[in-house]
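Data block below; observations after.
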Amino acid sequence: MSKSEDGSTTALAFSDVSAVRGGRVIWSQATFEIPAGGIYAVIGTNGSGKTTLLQMILGLIPTEGSLQVFGQAPGAEPDRIGYVPQHYAEISGGAIRARDAVLLGLTGRRWAFRRTSASDRSRVDDALRSVNAESFADSRLASLSGGQRQRVAIAEALVSQPDMVILDEPLASLDLRSQHEIVSLLTKIQQEMSVTILVVAHDLNPFLPVLSGAIYLLDGTDLLLGATT
């Protein structure tokens, strides 16, 4: 792991990083660090480069400049990051059981089918328990509410026991009560598991009481402002 000057572990370290898509500079001169632990938000208008930022961290697109994730190149250890995509409920498929969806967080990268081990099943149970989803673990995703599906999505991201969880608009399409429940759940997960949580948010207000800092993508400029703690 990468250590910052004060001895704490550094989750993300950006040094003069630029986001370039299709030859167009979206933002540049990003230089900041995010310590491990805590909840951080990524905010910005549509087209400001939020998705590009996530793709860089996940190692899905090349990076201009220096970017380290826990002291390593992005994508070097994919199991260290759990990812909850935007519109999970729409892309996950309704016929699969919640339990099996979480299992995909362990088996999704395997090229060959094999029997699920007792260890795999135990980790799935633990992940479901961590998001309070045991009561609907054997239900089909199609029968679940939006808030319940989001809990399953978070469990799928947690099952590999990552050091960081990235969530892309996790409150989208949820009612107010479910939004508060998901924010409370993420706070509980961060405190109990000591993971770093990075949340892309269109509306920062629900997260304000629990944030450790925020990354601001300013529309119409080339500058990425770093986390404020």
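Going through the structure tokens in order, the chains are called A, B, and so on, while each chain numbers its residues from 1 and the ligands are numbered from 1 in the order shown.
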
For A:Asp126, please output as a ChimeraX atom specification all residues within 12 Å (counting only C-alpha atoms; exclusion window: fewer than 2 positions along the same chain).
/A:99,102-103,119-124,128-134,137,155-156,158-161,193

Prev. selection, C-alpha atoms, output as a PDB file, in the first residue's frame:
ATOM      1  CA  ARG A  99     -27.796 -14.575  -3.906  1.00  0.00           C
ATOM      2  CA  VAL A 102     -23.790 -11.451  -5.424  1.00  0.00           C
ATOM      3  CA  LEU A 103     -21.921 -14.643  -6.327  1.00  0.00           C
ATOM      4  CA  SER A 119     -15.799 -20.534   0.975  1.00  0.00           C
ATOM      5  CA  ASP A 120     -17.580 -18.767  -1.888  1.00  0.00           C
ATOM      6  CA  ARG A 121     -20.982 -19.431  -0.348  1.00  0.00           C
ATOM      7  CA  SER A 122     -19.794 -18.186   3.032  1.00  0.00           C
ATOM      8  CA  ARG A 123     -18.492 -14.950   1.519  1.00  0.00           C
ATOM      9  CA  VAL A 124     -21.792 -14.423  -0.299  1.00  0.00           C
ATOM     10  CA  LEU A 128     -25.649 -10.217   2.070  1.00  0.00           C
ATOM     11  CA  ARG A 129     -25.618  -9.936   5.850  1.00  0.00           C
ATOM     12  CA  SER A 130     -23.491  -6.767   5.701  1.00  0.00           C
ATOM     13  CA  VAL A 131     -26.232  -4.992   3.706  1.00  0.00           C
ATOM     14  CA  ASN A 132     -29.160  -6.508   5.649  1.00  0.00           C
ATOM     15  CA  ALA A 133     -30.356  -8.478   2.624  1.00  0.00           C
ATOM     16  CA  GLU A 134     -30.686 -11.949   4.144  1.00  0.00           C
ATOM     17  CA  ALA A 137     -31.460 -13.386  -0.621  1.00  0.00           C
ATOM     18  CA  ALA A 155     -23.247  -6.739  -1.607  1.00  0.00           C
ATOM     19  CA  GLU A 156     -21.949  -7.834  -5.024  1.00  0.00           C
ATOM     20  CA  LEU A 158     -18.325  -6.130  -1.283  1.00  0.00           C
ATOM     21  CA  VAL A 159     -18.097  -9.885  -1.771  1.00  0.00           C
ATOM     22  CA  SER A 160     -14.510  -9.752  -3.062  1.00  0.00           C
ATOM     23  CA  GLN A 161     -13.571  -7.977   0.190  1.00  0.00           C
ATOM     24  CA  MET A 193     -15.063  -2.590   7.168  1.00  0.00           C
TER      25      MET A 193
END

Please identify the alpha helix (DSSP H) residues within stretch 10-216 of chain A (assignment by DSSP from backbone atoms) and present them as a VMD selection string.
chain A and resid 50 to 57 88 to 91 98 to 107 118 to 130 146 to 158 176 to 193

Residues of stretch 96-172 of chain A that approach stretch 32-42 of chain A to 12 Å or less, counting only C-alpha atoms: could you list each one with the shortest pair of atoms and its distance in Å to one decimal, rows by chain and increasing residue number, as CSV?
residue,atom,partner,partner_atom,distance
A:Pro162,CA,A:Gly37,CA,12.0
A:Asp163,CA,A:Ala36,CA,8.3
A:Met164,CA,A:Ala36,CA,8.3
A:Val165,CA,A:Ile39,CA,9.6
A:Ile166,CA,A:Tyr40,CA,9.6
A:Leu167,CA,A:Ala41,CA,9.5
A:Asp168,CA,A:Val42,CA,9.2
A:Glu169,CA,A:Val42,CA,9.7
A:Pro170,CA,A:Ala41,CA,11.4

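Atom CA of A:Ile57 to atom CA of A:Ala101 spans 23.7 Å [interatomic distance, one decimal].
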
I want to know what sits within 12 Å of A:Glu181, based on only C-alpha atoms, with residues of the same chain fewer than 4 positions away left out; could you give that as an NGL selection string?
:A and (131-132 or 146-148 or 150-151 or 170-171 or 174-177 or 185-188 or 206-207)

Store the residues of this selection in a file with N, CA, C and O atoms, as an mmCIF file, in the first residue's frame.
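Generated file (again_7.cif):
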data_model
loop_
_atom_site.group_PDB
_atom_site.id
_atom_site.type_symbol
_atom_site.label_atom_id
_atom_site.label_comp_id
_atom_site.auth_asym_id
_atom_site.auth_seq_id
_atom_site.Cartn_x
_atom_site.Cartn_y
_atom_site.Cartn_z
ATOM 1 N N VAL A 131 -25.302 -5.998 4.241
ATOM 2 C CA VAL A 131 -26.232 -4.992 3.706
ATOM 3 C C VAL A 131 -27.667 -5.260 4.144
ATOM 4 O O VAL A 131 -28.609 -4.690 3.596
ATOM 5 N N ASN A 132 -27.827 -6.165 5.120
ATOM 6 C CA ASN A 132 -29.160 -6.508 5.649
ATOM 7 C C ASN A 132 -30.091 -7.032 4.559
ATOM 8 O O ASN A 132 -31.260 -6.624 4.469
ATOM 9 N N GLY A 146 -36.462 -0.940 -5.560
ATOM 10 C CA GLY A 146 -35.233 -0.286 -5.983
ATOM 11 C C GLY A 146 -34.187 -0.256 -4.882
ATOM 12 O O GLY A 146 -33.001 -0.495 -5.121
ATOM 13 N N GLY A 147 -34.623 0.028 -3.657
ATOM 14 C CA GLY A 147 -33.698 0.055 -2.535
ATOM 15 C C GLY A 147 -33.108 -1.309 -2.239
ATOM 16 O O GLY A 147 -31.916 -1.430 -1.919
ATOM 17 N N GLN A 148 -33.920 -2.360 -2.360
ATOM 18 C CA GLN A 148 -33.426 -3.716 -2.134
ATOM 19 C C GLN A 148 -32.419 -4.119 -3.204
ATOM 20 O O GLN A 148 -31.379 -4.725 -2.919
ATOM 21 N N GLN A 150 -30.517 -2.148 -4.825
ATOM 22 C CA GLN A 150 -29.279 -1.423 -4.592
ATOM 23 C C GLN A 150 -28.468 -2.083 -3.477
ATOM 24 O O GLN A 150 -27.235 -2.104 -3.537
ATOM 25 N N ARG A 151 -29.121 -2.638 -2.483
ATOM 26 C CA ARG A 151 -28.416 -3.379 -1.448
ATOM 27 C C ARG A 151 -27.720 -4.605 -2.042
ATOM 28 O O ARG A 151 -26.580 -4.933 -1.665
ATOM 29 N N PRO A 170 -25.592 6.061 -6.824
ATOM 30 C CA PRO A 170 -26.324 4.994 -6.129
ATOM 31 C C PRO A 170 -27.715 5.383 -5.654
ATOM 32 O O PRO A 170 -28.512 4.502 -5.309
ATOM 33 N N LEU A 171 -28.029 6.681 -5.608
ATOM 34 C CA LEU A 171 -29.344 7.110 -5.123
ATOM 35 C C LEU A 171 -30.324 7.414 -6.246
ATOM 36 O O LEU A 171 -31.482 7.758 -5.985
ATOM 37 N N LEU A 174 -34.275 6.321 -6.553
ATOM 38 C CA LEU A 174 -34.760 5.838 -5.257
ATOM 39 C C LEU A 174 -35.623 6.895 -4.597
ATOM 40 O O LEU A 174 -35.386 8.095 -4.751
ATOM 41 N N ASP A 175 -36.631 6.441 -3.840
ATOM 42 C CA ASP A 175 -37.429 7.405 -3.091
ATOM 43 C C ASP A 175 -36.620 7.941 -1.913
ATOM 44 O O ASP A 175 -35.528 7.444 -1.597
ATOM 45 N N LEU A 176 -37.126 8.968 -1.265
ATOM 46 C CA LEU A 176 -36.373 9.671 -0.232
ATOM 47 C C LEU A 176 -35.983 8.738 0.916
ATOM 48 O O LEU A 176 -34.843 8.791 1.414
ATOM 49 N N ARG A 177 -36.908 7.895 1.340
ATOM 50 C CA ARG A 177 -36.613 6.978 2.437
ATOM 51 C C ARG A 177 -35.489 6.022 2.064
ATOM 52 O O ARG A 177 -34.557 5.799 2.861
ATOM 53 N N LEU A 185 -26.457 2.996 5.258
ATOM 54 C CA LEU A 185 -25.804 1.709 5.036
ATOM 55 C C LEU A 185 -24.343 1.903 4.629
ATOM 56 O O LEU A 185 -23.444 1.222 5.145
ATOM 57 N N LEU A 186 -24.079 2.829 3.722
ATOM 58 C CA LEU A 186 -22.710 3.083 3.291
ATOM 59 C C LEU A 186 -21.850 3.583 4.445
ATOM 60 O O LEU A 186 -20.675 3.207 4.562
ATOM 61 N N THR A 187 -22.433 4.404 5.301
ATOM 62 C CA THR A 187 -21.706 4.884 6.474
ATOM 63 C C THR A 187 -21.344 3.719 7.389
ATOM 64 O O THR A 187 -20.205 3.614 7.885
ATOM 65 N N LYS A 188 -22.289 2.826 7.618
ATOM 66 C CA LYS A 188 -22.057 1.650 8.457
ATOM 67 C C LYS A 188 -20.968 0.765 7.855
ATOM 68 O O LYS A 188 -20.067 0.287 8.563
ATOM 69 N N PRO A 206 -27.708 14.582 0.219
ATOM 70 C CA PRO A 206 -27.913 13.420 1.093
ATOM 71 C C PRO A 206 -26.626 12.916 1.740
ATOM 72 O O PRO A 206 -26.671 12.286 2.799
ATOM 73 N N PHE A 207 -25.472 13.196 1.109
ATOM 74 C CA PHE A 207 -24.206 12.682 1.613
ATOM 75 C C PHE A 207 -23.462 13.663 2.516
ATOM 76 O O PHE A 207 -22.491 13.280 3.178
#

Go through A:Leu144, A:Ala157, A:Ala76, A:Leu198 one by one, measure the shortest atom-to-atom distance of each to A:Gly108 using only C-alpha atoms, and give the residue with the smallest value.
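Closest residue, counting only C-alpha atoms: A:Ala157.
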